[in-house]
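Trainee: Got a file for you: structure38.pdb, PDB, C-alpha atoms.
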```
ATOM      1  CA  MET A   1      25.013   0.513  16.705
ATOM      2  CA  MET A   2      22.658  -1.907  14.968
ATOM      3  CA  ARG A   3      19.697   0.113  16.158
ATOM      4  CA  ALA A   4      21.175   3.330  14.853
ATOM      5  CA  LEU A   5      21.804   1.705  11.498
ATOM      6  CA  LEU A   6      18.285   0.361  11.290
ATOM      7  CA  LEU A   7      16.885   3.734  12.245
ATOM      8  CA  ALA A   8      18.951   5.483   9.595
ATOM      9  CA  PHE A   9      17.789   2.923   7.042
ATOM     10  CA  ALA A  10      14.141   3.432   7.979
ATOM     11  CA  LEU A  11      14.553   7.197   7.707
ATOM     12  CA  VAL A  12      16.060   6.958   4.246
ATOM     13  CA  LEU A  13      13.254   4.691   3.082
ATOM     14  CA  SER A  14      10.462   6.745   4.572
ATOM     15  CA  SER A  15      11.671  10.008   3.079
ATOM     16  CA  GLY A  16       9.978   8.965  -0.169
ATOM     17  CA  ALA A  17       6.533   9.506   1.277
ATOM     18  CA  ALA A  18       6.140  12.979  -0.135
ATOM     19  CA  PHE A  19       2.400  13.279   0.224
ATOM     20  CA  ALA A  20       2.260  12.688   3.955
ATOM     21  CA  GLN A  21       0.156  15.066   5.915
ATOM     22  CA  VAL A  22       1.481  15.578   9.403
ATOM     23  CA  ALA A  23      -1.153  15.105  11.994
ATOM     24  CA  THR A  24      -2.575  17.713  14.248
ATOM     25  CA  ASP A  25      -4.331  15.537  16.752
ATOM     26  CA  ALA A  26      -6.724  17.863  18.505
ATOM     27  CA  ASN A  27      -8.277  15.260  20.790
ATOM     28  CA  PRO A  28      -6.012  12.351  21.652
ATOM     29  CA  LEU A  29      -7.470   8.931  22.346
ATOM     30  CA  THR A  30      -8.608   8.134  25.848
ATOM     31  CA  PHE A  31      -9.010   4.618  27.155
ATOM     32  CA  ASN A  32     -11.723   3.186  29.360
ATOM     33  CA  SER A  33      -9.458   0.719  31.128
ATOM     34  CA  PRO A  34      -5.804  -0.351  31.292
ATOM     35  CA  ALA A  35      -6.810  -3.662  29.670
ATOM     36  CA  GLU A  36      -8.343  -1.833  26.730
ATOM     37  CA  GLU A  37      -5.239   0.307  26.372
ATOM     38  CA  LYS A  38      -2.982  -2.744  26.466
ATOM     39  CA  ARG A  39      -5.012  -4.558  23.811
ATOM     40  CA  PHE A  40      -5.097  -1.433  21.654
ATOM     41  CA  HIS A  41      -1.327  -0.978  21.791
ATOM     42  CA  ALA A  42      -0.680  -4.637  21.026
ATOM     43  CA  LEU A  43      -2.985  -4.391  18.020
ATOM     44  CA  VAL A  44      -1.729  -1.143  16.515
ATOM     45  CA  SER A  45       1.894  -2.203  16.852
ATOM     46  CA  GLU A  46       1.101  -5.153  14.576
ATOM     47  CA  LEU A  47      -0.438  -2.922  11.939
ATOM     48  CA  ARG A  48       1.590  -0.963   9.455
ATOM     49  CA  CYS A  49       1.009   2.685   8.701
ATOM     50  CA  VAL A  50      -0.105   2.749   5.074
ATOM     51  CA  MET A  51       1.330   6.186   4.463
ATOM     52  CA  CYS A  52       4.772   5.965   5.986
ATOM     53  CA  GLN A  53       5.151   2.241   5.310
ATOM     54  CA  ASN A  54       8.100   1.672   7.605
ATOM     55  CA  GLN A  55       6.400   2.576  10.813
ATOM     56  CA  SER A  56       3.709   0.783  12.698
ATOM     57  CA  LEU A  57       0.334   2.367  13.162
ATOM     58  CA  ALA A  58       1.345   2.869  16.800
ATOM     59  CA  ASP A  59       4.427   4.926  15.969
ATOM     60  CA  SER A  60       3.313   7.060  13.055
ATOM     61  CA  ASN A  61       2.310  10.692  13.183
ATOM     62  CA  ALA A  62       0.775  10.788   9.722
ATOM     63  CA  GLN A  63      -2.802  12.011   9.637
ATOM     64  CA  ILE A  64      -4.050   8.714   8.239
ATOM     65  CA  ALA A  65      -2.390   6.820  11.106
ATOM     66  CA  VAL A  66      -4.204   9.036  13.614
ATOM     67  CA  ASP A  67      -7.498   8.364  11.820
ATOM     68  CA  LEU A  68      -6.864   4.634  11.606
ATOM     69  CA  ARG A  69      -5.940   4.423  15.301
ATOM     70  CA  ARG A  70      -9.235   6.106  16.107
ATOM     71  CA  GLU A  71     -11.038   3.647  13.826
ATOM     72  CA  VAL A  72      -9.312   0.658  15.457
ATOM     73  CA  LEU A  73     -10.354   1.818  18.930
ATOM     74  CA  GLU A  74     -13.891   2.344  17.705
ATOM     75  CA  LEU A  75     -14.027  -1.155  16.205
ATOM     76  CA  MET A  76     -12.723  -2.581  19.489
ATOM     77  CA  ARG A  77     -15.530  -0.837  21.327
ATOM     78  CA  GLN A  78     -18.035  -2.262  18.868
ATOM     79  CA  GLY A  79     -16.977  -5.659  20.181
ATOM     80  CA  LYS A  80     -14.906  -6.735  17.174
ATOM     81  CA  ASN A  81     -12.071  -9.165  17.887
ATOM     82  CA  ASP A  82      -8.495  -8.643  16.696
ATOM     83  CA  ALA A  83      -8.923 -10.856  13.632
ATOM     84  CA  GLN A  84     -12.058  -8.965  12.566
ATOM     85  CA  ILE A  85     -10.296  -5.627  12.952
ATOM     86  CA  LYS A  86      -7.371  -6.840  10.860
ATOM     87  CA  ASP A  87      -9.771  -8.143   8.205
ATOM     88  CA  PHE A  88     -11.497  -4.761   8.159
ATOM     89  CA  LEU A  89      -8.213  -3.033   7.364
ATOM     90  CA  VAL A  90      -7.023  -5.675   4.891
ATOM     91  CA  ALA A  91     -10.307  -5.349   2.964
ATOM     92  CA  ARG A  92      -9.566  -1.636   2.478
ATOM     93  CA  TYR A  93      -5.804  -1.327   2.327
ATOM     94  CA  GLY A  94      -4.678  -4.825   1.366
ATOM     95  CA  GLU A  95      -2.394  -7.324   3.079
ATOM     96  CA  PHE A  96       0.223  -4.617   3.323
ATOM     97  CA  VAL A  97      -1.213  -3.313   6.589
ATOM     98  CA  LEU A  98      -0.236  -6.508   8.379
ATOM     99  CA  TYR A  99       3.286  -6.795   9.691
ATOM    100  CA  ARG A 100       2.747 -10.541   9.860
ATOM    101  CA  PRO A 101       1.084 -11.540   6.607
ATOM    102  CA  GLN A 102      -1.365 -14.420   6.632
ATOM    103  CA  VAL A 103      -0.035 -17.859   5.742
ATOM    104  CA  GLU A 104      -1.358 -18.663   2.276
ATOM    105  CA  SER A 105       0.070 -19.927  -1.004
ATOM    106  CA  LYS A 106       1.235 -16.409  -1.977
ATOM    107  CA  THR A 107       3.226 -15.988   1.212
ATOM    108  CA  TRP A 108       4.670 -19.502   1.634
ATOM    109  CA  LEU A 109       8.019 -18.371   0.342
ATOM    110  CA  LEU A 110       8.024 -15.500   2.813
ATOM    111  CA  TRP A 111       7.081 -17.692   5.748
ATOM    112  CA  PHE A 112       9.030 -20.843   5.000
ATOM    113  CA  GLY A 113      11.760 -19.646   2.601
ATOM    114  CA  PRO A 114      14.355 -18.906   5.303
ATOM    115  CA  ALA A 115      13.753 -22.287   6.986
ATOM    116  CA  VAL A 116      14.140 -24.056   3.618
ATOM    117  CA  VAL A 117      17.387 -22.209   2.905
ATOM    118  CA  LEU A 118      18.689 -23.036   6.385
ATOM    119  CA  LEU A 119      17.697 -26.695   5.954
ATOM    120  CA  GLY A 120      19.363 -26.855   2.538
ATOM    121  CA  GLY A 121      22.560 -25.328   3.930
ATOM    122  CA  GLY A 122      22.514 -27.768   6.833
ATOM    123  CA  LEU A 123      22.148 -30.750   4.492
ATOM    124  CA  ILE A 124      25.077 -29.576   2.388
ATOM    125  CA  VAL A 125      27.249 -29.179   5.478
ATOM    126  CA  ILE A 126      26.229 -32.615   6.800
ATOM    127  CA  GLY A 127      26.942 -34.118   3.387
ATOM    128  CA  ALA A 128      30.381 -32.505   3.249
ATOM    129  CA  VAL A 129      31.277 -33.621   6.770
ATOM    130  CA  ARG A 130      30.170 -37.192   6.068
ATOM    131  CA  ARG A 131      32.121 -37.425   2.873
ATOM    132  CA  ARG A 132      35.214 -36.129   4.560
ATOM    133  CA  SER A 133      34.986 -38.580   7.464
ATOM    134  CA  ARG A 134      34.280 -41.475   5.064
ATOM    135  CA  GLY A 135      37.550 -40.932   3.220
ATOM    136  CA  ALA A 136      39.593 -40.895   6.448
ATOM    137  CA  ALA A 137      42.873 -40.794   4.551
ATOM    138  CA  PRO A 138      42.083 -38.909   1.356
ATOM    139  CA  ALA A 139      44.420 -39.124  -1.597
ATOM    140  CA  ALA A 140      46.661 -36.169  -2.234
ATOM    141  CA  ASP A 141      44.786 -34.961  -5.320
ATOM    142  CA  GLU A 142      41.477 -35.090  -3.515
ATOM    143  CA  ARG A 143      42.873 -33.029  -0.696
ATOM    144  CA  ASN A 144      43.744 -30.380  -3.220
ATOM    145  CA  GLU A 145      40.228 -30.407  -4.487
ATOM    146  CA  GLU A 146      38.880 -29.813  -0.996
ATOM    147  CA  GLN A 147      41.172 -26.858  -0.747
ATOM    148  CA  GLU A 148      39.430 -25.098  -3.603
ATOM    149  CA  TRP A 149      36.308 -24.822  -1.535
TER
ATOM    150  CA  MET B   1      37.308 -42.838  -4.534
ATOM    151  CA  SER B   2      36.466 -42.634  -8.200
ATOM    152  CA  GLU B   3      32.692 -42.776  -7.566
ATOM    153  CA  SER B   4      32.782 -39.624  -5.421
ATOM    154  CA  MET B   5      34.599 -37.654  -8.086
ATOM    155  CA  PRO B   6      31.613 -36.611 -10.270
ATOM    156  CA  ARG B   7      29.676 -35.488  -7.245
ATOM    157  CA  LYS B   8      32.532 -33.313  -6.135
ATOM    158  CA  SER B   9      32.860 -31.607  -9.460
ATOM    159  CA  SER B  10      29.137 -30.820  -9.504
ATOM    160  CA  MET B  11      29.440 -29.376  -5.997
ATOM    161  CA  ARG B  12      32.199 -27.180  -7.271
ATOM    162  CA  TRP B  13      29.641 -25.196  -9.276
ATOM    163  CA  LEU B  14      27.473 -24.540  -6.278
ATOM    164  CA  PRO B  15      29.065 -21.211  -5.257
ATOM    165  CA  LEU B  16      28.744 -19.967  -8.813
ATOM    166  CA  VAL B  17      25.079 -20.946  -8.906
ATOM    167  CA  VAL B  18      24.482 -19.182  -5.590
ATOM    168  CA  VAL B  19      26.248 -16.035  -6.793
ATOM    169  CA  ALA B  20      24.287 -16.113 -10.071
ATOM    170  CA  ALA B  21      21.015 -16.495  -8.146
ATOM    171  CA  LEU B  22      21.888 -13.563  -5.890
ATOM    172  CA  GLY B  23      22.811 -11.539  -8.965
ATOM    173  CA  ALA B  24      19.462 -12.328 -10.571
ATOM    174  CA  LEU B  25      17.679 -11.300  -7.379
ATOM    175  CA  LEU B  26      19.579  -8.026  -7.248
ATOM    176  CA  PHE B  27      18.806  -7.355 -10.903
ATOM    177  CA  ALA B  28      15.113  -8.020 -10.326
ATOM    178  CA  GLY B  29      15.197  -5.590  -7.399
ATOM    179  CA  VAL B  30      16.842  -2.890  -9.503
ATOM    180  CA  MET B  31      14.329  -3.392 -12.315
ATOM    181  CA  LEU B  32      11.389  -3.233  -9.898
ATOM    182  CA  SER B  33      12.686  -0.042  -8.307
ATOM    183  CA  ARG B  34      12.593   1.691 -11.685
ATOM    184  CA  ASN B  35       8.822   1.874 -11.421
ATOM    185  CA  PRO B  36       8.356   5.512 -10.384
ATOM    186  CA  ASN B  37       5.147   4.755  -8.544
ATOM    187  CA  ARG B  38       6.423   1.842  -6.495
ATOM    188  CA  GLU B  39       5.215   3.290  -3.224
ATOM    189  CA  ALA B  40       1.613   3.031  -4.330
ATOM    190  CA  LEU B  41      -0.242   0.239  -2.614
ATOM    191  CA  PRO B  42      -2.352  -1.949  -4.856
ATOM    192  CA  SER B  43      -5.972  -1.382  -3.853
ATOM    193  CA  PRO B  44      -7.943  -4.483  -2.934
ATOM    194  CA  LEU B  45     -11.080  -2.558  -3.958
ATOM    195  CA  ILE B  46     -10.472  -2.718  -7.696
ATOM    196  CA  GLY B  47     -13.207  -4.787  -9.313
ATOM    197  CA  LYS B  48     -15.386  -4.368  -6.227
ATOM    198  CA  PRO B  49     -18.379  -2.077  -5.688
ATOM    199  CA  ALA B  50     -17.497   1.421  -4.494
ATOM    200  CA  PRO B  51     -18.006   1.601  -0.723
ATOM    201  CA  ALA B  52     -21.301   3.022   0.438
ATOM    202  CA  PHE B  53     -21.098   6.641   1.548
ATOM    203  CA  ARG B  54     -23.338   9.553   2.410
ATOM    204  CA  LEU B  55     -21.424  12.799   2.264
ATOM    205  CA  PRO B  56     -22.225  16.514   2.272
ATOM    206  CA  VAL B  57     -21.549  18.596  -0.828
ATOM    207  CA  LEU B  58     -18.951  21.337  -0.381
ATOM    208  CA  HIS B  59     -21.005  24.051  -2.055
ATOM    209  CA  GLU B  60     -24.305  23.008  -0.422
ATOM    210  CA  PRO B  61     -23.376  21.616   3.004
ATOM    211  CA  GLY B  62     -26.993  20.731   3.736
ATOM    212  CA  ARG B  63     -27.205  18.347   0.785
ATOM    213  CA  LEU B  64     -26.101  14.740   1.254
ATOM    214  CA  VAL B  65     -25.031  12.627  -1.695
ATOM    215  CA  THR B  66     -24.729   8.831  -1.609
ATOM    216  CA  ASP B  67     -22.801   6.386  -3.765
ATOM    217  CA  LYS B  68     -26.101   5.364  -5.380
ATOM    218  CA  ASP B  69     -26.826   8.947  -6.466
ATOM    219  CA  LEU B  70     -23.685   8.899  -8.593
ATOM    220  CA  ARG B  71     -24.507   5.700 -10.464
ATOM    221  CA  GLY B  72     -25.730   5.631 -14.040
ATOM    222  CA  ALA B  73     -22.575   6.969 -15.668
ATOM    223  CA  PRO B  74     -18.901   6.457 -14.901
ATOM    224  CA  TYR B  75     -17.097   9.035 -12.828
ATOM    225  CA  LEU B  76     -13.623   9.894 -11.674
ATOM    226  CA  LEU B  77     -13.281  10.397  -7.928
ATOM    227  CA  ASN B  78     -10.343  12.665  -7.157
ATOM    228  CA  VAL B  79      -9.143  12.913  -3.561
ATOM    229  CA  TRP B  80      -7.701  16.310  -2.674
ATOM    230  CA  GLY B  81      -7.218  18.779   0.119
ATOM    231  CA  SER B  82      -6.106  22.384   0.308
ATOM    232  CA  TRP B  83      -3.280  21.137   2.584
ATOM    233  CA  CYS B  84      -1.891  18.910  -0.156
ATOM    234  CA  PRO B  85       0.925  20.447  -2.242
ATOM    235  CA  ALA B  86       0.874  17.668  -4.849
ATOM    236  CA  CYS B  87      -2.819  18.391  -5.464
ATOM    237  CA  ARG B  88      -1.831  21.850  -6.624
ATOM    238  CA  ASP B  89       0.533  20.328  -9.194
ATOM    239  CA  GLU B  90      -2.190  17.988 -10.318
ATOM    240  CA  HIS B  91      -4.864  20.649 -10.578
ATOM    241  CA  PRO B  92      -4.095  21.959 -14.093
ATOM    242  CA  VAL B  93      -3.865  18.394 -15.422
ATOM    243  CA  LEU B  94      -7.220  17.557 -13.903
ATOM    244  CA  THR B  95      -8.731  20.776 -15.232
ATOM    245  CA  ARG B  96      -7.560  19.965 -18.764
ATOM    246  CA  PHE B  97      -9.017  16.488 -18.468
ATOM    247  CA  ALA B  98     -12.336  17.761 -17.077
ATOM    248  CA  GLU B  99     -12.623  20.161 -20.002
ATOM    249  CA  THR B 100     -12.616  17.231 -22.433
ATOM    250  CA  LYS B 101     -15.955  16.265 -20.819
ATOM    251  CA  ARG B 102     -15.238  12.571 -21.155
ATOM    252  CA  LEU B 103     -16.232  11.888 -17.585
ATOM    253  CA  ARG B 104     -17.738  13.540 -14.570
ATOM    254  CA  VAL B 105     -14.901  14.441 -12.225
ATOM    255  CA  VAL B 106     -16.093  14.255  -8.649
ATOM    256  CA  GLY B 107     -13.936  15.878  -5.984
ATOM    257  CA  PHE B 108     -13.386  14.184  -2.636
ATOM    258  CA  ASN B 109     -12.288  16.923  -0.263
ATOM    259  CA  TRP B 110     -10.481  15.008   2.453
ATOM    260  CA  LYS B 111      -9.698  16.200   5.995
ATOM    261  CA  ASP B 112      -9.982  19.822   5.015
ATOM    262  CA  GLU B 113     -11.620  22.947   6.400
ATOM    263  CA  HIS B 114     -14.660  24.246   4.561
ATOM    264  CA  GLY B 115     -13.262  27.754   4.176
ATOM    265  CA  ASP B 116      -9.838  26.547   3.033
ATOM    266  CA  ALA B 117     -11.360  24.256   0.432
ATOM    267  CA  MET B 118     -13.615  27.023  -0.943
ATOM    268  CA  ARG B 119     -10.718  29.486  -1.147
ATOM    269  CA  TRP B 120      -8.556  26.868  -2.886
ATOM    270  CA  LEU B 121     -11.169  26.342  -5.596
ATOM    271  CA  GLU B 122     -11.681  30.093  -5.969
ATOM    272  CA  GLN B 123      -7.986  30.600  -6.423
ATOM    273  CA  PHE B 124      -7.199  27.714  -8.758
ATOM    274  CA  GLY B 125     -10.565  27.119 -10.415
ATOM    275  CA  ASN B 126     -13.089  24.336  -9.950
ATOM    276  CA  PRO B 127     -12.817  21.456 -12.419
ATOM    277  CA  TYR B 128     -15.242  19.322 -10.425
ATOM    278  CA  PHE B 129     -18.750  18.290 -11.365
ATOM    279  CA  MET B 130     -19.381  18.083  -7.638
ATOM    280  CA  VAL B 131     -17.208  18.151  -4.524
ATOM    281  CA  LEU B 132     -17.989  15.798  -1.638
ATOM    282  CA  THR B 133     -16.533  16.548   1.766
ATOM    283  CA  ASP B 134     -15.107  14.136   4.298
ATOM    284  CA  TYR B 135     -13.783  16.290   7.104
ATOM    285  CA  GLU B 136     -13.554  13.433   9.588
ATOM    286  CA  GLY B 137     -11.976  10.964   7.205
ATOM    287  CA  LYS B 138     -14.409   8.115   7.952
ATOM    288  CA  ALA B 139     -15.517   7.539   4.365
ATOM    289  CA  ALA B 140     -11.897   7.792   3.246
ATOM    290  CA  ILE B 141     -11.038   4.716   5.326
ATOM    291  CA  ASP B 142     -13.738   2.723   3.517
ATOM    292  CA  TRP B 143     -12.194   3.745   0.203
ATOM    293  CA  GLY B 144      -8.739   2.718   1.403
ATOM    294  CA  ILE B 145      -7.507   6.265   0.896
ATOM    295  CA  TYR B 146      -4.159   6.947   2.571
ATOM    296  CA  GLY B 147      -2.730  10.010   0.882
ATOM    297  CA  ALA B 148      -3.699  12.764  -1.478
ATOM    298  CA  PRO B 149      -4.006  13.024  -4.366
ATOM    299  CA  GLU B 150      -5.547   9.679  -5.178
ATOM    300  CA  THR B 151      -7.899   9.043  -8.058
ATOM    301  CA  PHE B 152     -10.475   6.293  -8.623
ATOM    302  CA  LEU B 153     -12.362   5.400 -11.786
ATOM    303  CA  VAL B 154     -15.854   4.113 -10.984
ATOM    304  CA  ASP B 155     -18.046   2.653 -13.717
ATOM    305  CA  ALA B 156     -21.734   3.304 -14.328
ATOM    306  CA  GLY B 157     -22.703   0.335 -12.182
ATOM    307  CA  GLY B 158     -20.689   1.628  -9.231
ATOM    308  CA  THR B 159     -17.710  -0.737  -9.534
ATOM    309  CA  ILE B 160     -14.190   0.585  -8.954
ATOM    310  CA  ARG B 161     -12.185  -0.081 -12.111
ATOM    311  CA  TRP B 162      -8.917   1.749 -11.555
ATOM    312  CA  LYS B 163      -6.977   3.641  -8.954
ATOM    313  CA  TYR B 164      -4.007   5.951  -9.181
ATOM    314  CA  VAL B 165      -1.972   7.133  -6.201
ATOM    315  CA  GLY B 166      -0.130  10.429  -6.561
ATOM    316  CA  PRO B 167      -0.712  13.386  -8.859
ATOM    317  CA  LEU B 168      -2.204  12.556 -12.246
ATOM    318  CA  THR B 169      -0.107  13.612 -15.205
ATOM    319  CA  ASP B 170      -0.998  13.897 -18.875
ATOM    320  CA  ALA B 171       1.120  10.785 -19.468
ATOM    321  CA  VAL B 172      -0.765   8.755 -16.848
ATOM    322  CA  ILE B 173      -4.120   9.866 -18.268
ATOM    323  CA  GLU B 174      -2.966   8.934 -21.744
ATOM    324  CA  SER B 175      -1.401   5.583 -20.921
ATOM    325  CA  GLU B 176      -3.639   4.312 -18.120
ATOM    326  CA  LEU B 177      -6.924   6.152 -17.720
ATOM    327  CA  LEU B 178      -7.965   6.524 -21.365
ATOM    328  CA  PRO B 179      -7.455   2.819 -22.202
ATOM    329  CA  LYS B 180      -9.591   1.954 -19.153
ATOM    330  CA  LEU B 181     -12.297   4.305 -20.422
ATOM    331  CA  VAL B 182     -12.254   2.722 -23.856
ATOM    332  CA  GLN B 183     -12.603  -0.638 -22.146
ATOM    333  CA  LEU B 184     -15.559   0.648 -20.098
ATOM    334  CA  ASN B 185     -17.337   1.820 -23.209
ATOM    335  CA  ALA B 186     -16.633  -1.481 -24.932
ATOM    336  CA  ASP B 187     -18.061  -3.409 -21.975
ATOM    337  CA  LYS B 188     -21.210  -1.318 -21.924
ATOM    338  CA  PRO B 189     -24.168  -3.225 -23.380
ATOM    339  CA  LEU B 190     -25.790  -1.271 -26.191
TER
END
```
The structure given in the file should be rewritten as structure tokens.

Mentor:
Amino acid sequence: MMRALLLAFALVLSSGAAFAQVATDANPLTFNSPAEEKRFHALVSELRCVMCQNQSLADSNAQIAVDLRREVLELMRQGKNDAQIKDFLVARYGEFVLYRPQVESKTWLLWFGPAVVLLGGGLIVIGAVRRRSRGAAPAADERNEEQEW
Amino acid sequence: MSESMPRKSSMRWLPLVVVAALGALLFAGVMLSRNPNREALPSPLIGKPAPAFRLPVLHEPGRLVTDKDLRGAPYLLNVWGSWCPACRDEHPVLTRFAETKRLRVVGFNWKDEHGDAMRWLEQFGNPYFMVLTDYEGKAAIDWGIYGAPETFLVDAGGTIRWKYVGPLTDAVIESELLPKLVQLNADKPL
């Protein structure tokens, strides 16, 4: 159910990409070894298709995704490591191509925001529980006040 | 008991504050989504030198043109393909702009077939000063091109000053491109 919902959501969002050119991949990629193929798939699933925006580079059929997959494989064969390949794409298409953005001052909120919110919520709950246990027999008016929460 | 009272009353506002914050967030989201071009990715190349390239010219496939050959005066690089329906909508706008002769408009024929591209220009007219071809799409990756049409403004020194994703319109030329051009001319040492 959740999956279906997510899929529907992704479809709605991606329908905006009006300029997409659907790929006609005449010669699909071939791999030299299973290890190379595994590394390639791990890498492209962490990269976002710049055209379709809600698909990874691994999943997209847009022409640009086909071209970028080819480029990624070529860079791998040139001996570039994963970080260098990601940097290559970020230099051209921006941080957007990374599904996991780098940790830097711009993205602190993104990385640590949820943890901060969770921590804040936890502190409030702890505070509320403590206060309640401290006043073991709360006065009648205070009990009313608790009720409003 | 009395000392815990003020704290309680301040806590009472917490849900309201949370709801107000969520409301503000929602409002910001709605305002942001009003930007009609919100799908366009900001290019990290703006303010940087145009990527080096060496590409054949559509009308003289034997002739190779490099980024350095185009330096000396600003130019507009327009990415198009005969497969791209939005490029057809953009074409008359681009033609009108090219006729003002404010800038050289260089075509970047991306992932096309030679014959298709030639026929397209025959049919709709050729507003371009020169058309470069990138059938494989290798140079396009260096430019961070991901769709067509896309348009770059490159200054005389070869630095990318502006990029627009999607079909140019008269309004975009008026409100975005022309001010950039004025700025370019102002920056130019006399």

Trainee: Can you check which residues of chain A have any atom within 6 Å of chain B? Use only C-alpha atoms and format it as a ChimeraX atom specification.

Mentor: /A:51,64,92-94

Trainee: Between atom CA of A:Cys49 and atom CA of A:Ala65, what is the distance, to one decimal in Å?

Mentor: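 For atom CA of A:Cys49 relative to atom CA of A:Ala65, the distance reads 5.9 Å.
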
Trainee: Quick check, in Å to one decimal: how far apart do atom CA of A:Arg132 and atom CA of A:Pro114 lie?

Mentor: 27.1 Å

Trainee: Which one is closest to A:Ala62: A:Arg130, A:Gly122, A:Leu109, A:Val50? Count only C-alpha atoms.

Mentor: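 Answer, going by the shortest atom-to-atom distance: A:Val50.
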
Trainee: Name the residues that the PyMOL selection byres ((chain A and resi 48) around 8) picks from the file above, as a JSON list (two decimals) with C-alpha atoms, in the coordinates of the input, using the file's chain letters and numbers.

Mentor:
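Okay, selection04.json is ready:
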```json
[["chain", "number", "residue", "atom", "x", "y", "z"],
["A", 44, "VAL", "CA", -1.73, -1.14, 16.52],
["A", 45, "SER", "CA", 1.89, -2.20, 16.85],
["A", 46, "GLU", "CA", 1.10, -5.15, 14.58],
["A", 47, "LEU", "CA", -0.44, -2.92, 11.94],
["A", 49, "CYS", "CA", 1.01, 2.68, 8.70],
["A", 50, "VAL", "CA", -0.10, 2.75, 5.07],
["A", 53, "GLN", "CA", 5.15, 2.24, 5.31],
["A", 54, "ASN", "CA", 8.10, 1.67, 7.60],
["A", 55, "GLN", "CA", 6.40, 2.58, 10.81],
["A", 56, "SER", "CA", 3.71, 0.78, 12.70],
["A", 57, "LEU", "CA", 0.33, 2.37, 13.16],
["A", 96, "PHE", "CA", 0.22, -4.62, 3.32],
["A", 97, "VAL", "CA", -1.21, -3.31, 6.59],
["A", 98, "LEU", "CA", -0.24, -6.51, 8.38],
["A", 99, "TYR", "CA", 3.29, -6.80, 9.69]]
```

Trainee: Given the choices B:Leu16, B:Leu153, B:Leu103, B:Ala117, which gets closest to B:Leu77 if the distance is worked out from all atoms listed in the file?

Mentor: B:Leu153

Trainee: For this file, the PyMOL selection byres ((chain A and resi 79-83) around 12) selects which residues, as a list in words?

Mentor: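 For this structure, the PyMOL selection byres ((chain A and resi 79-83) around 12) resolves to Glu36, Arg39, Phe40, His41, Ala42, Leu43, Val44, Glu46, Leu47, Glu71, Val72, Leu73, Glu74, Leu75, Met76, Arg77, Gln78, Gln84, Ile85, Lys86, Asp87, Phe88, Leu89, Val90, Leu98 and Gln102 of chain A.
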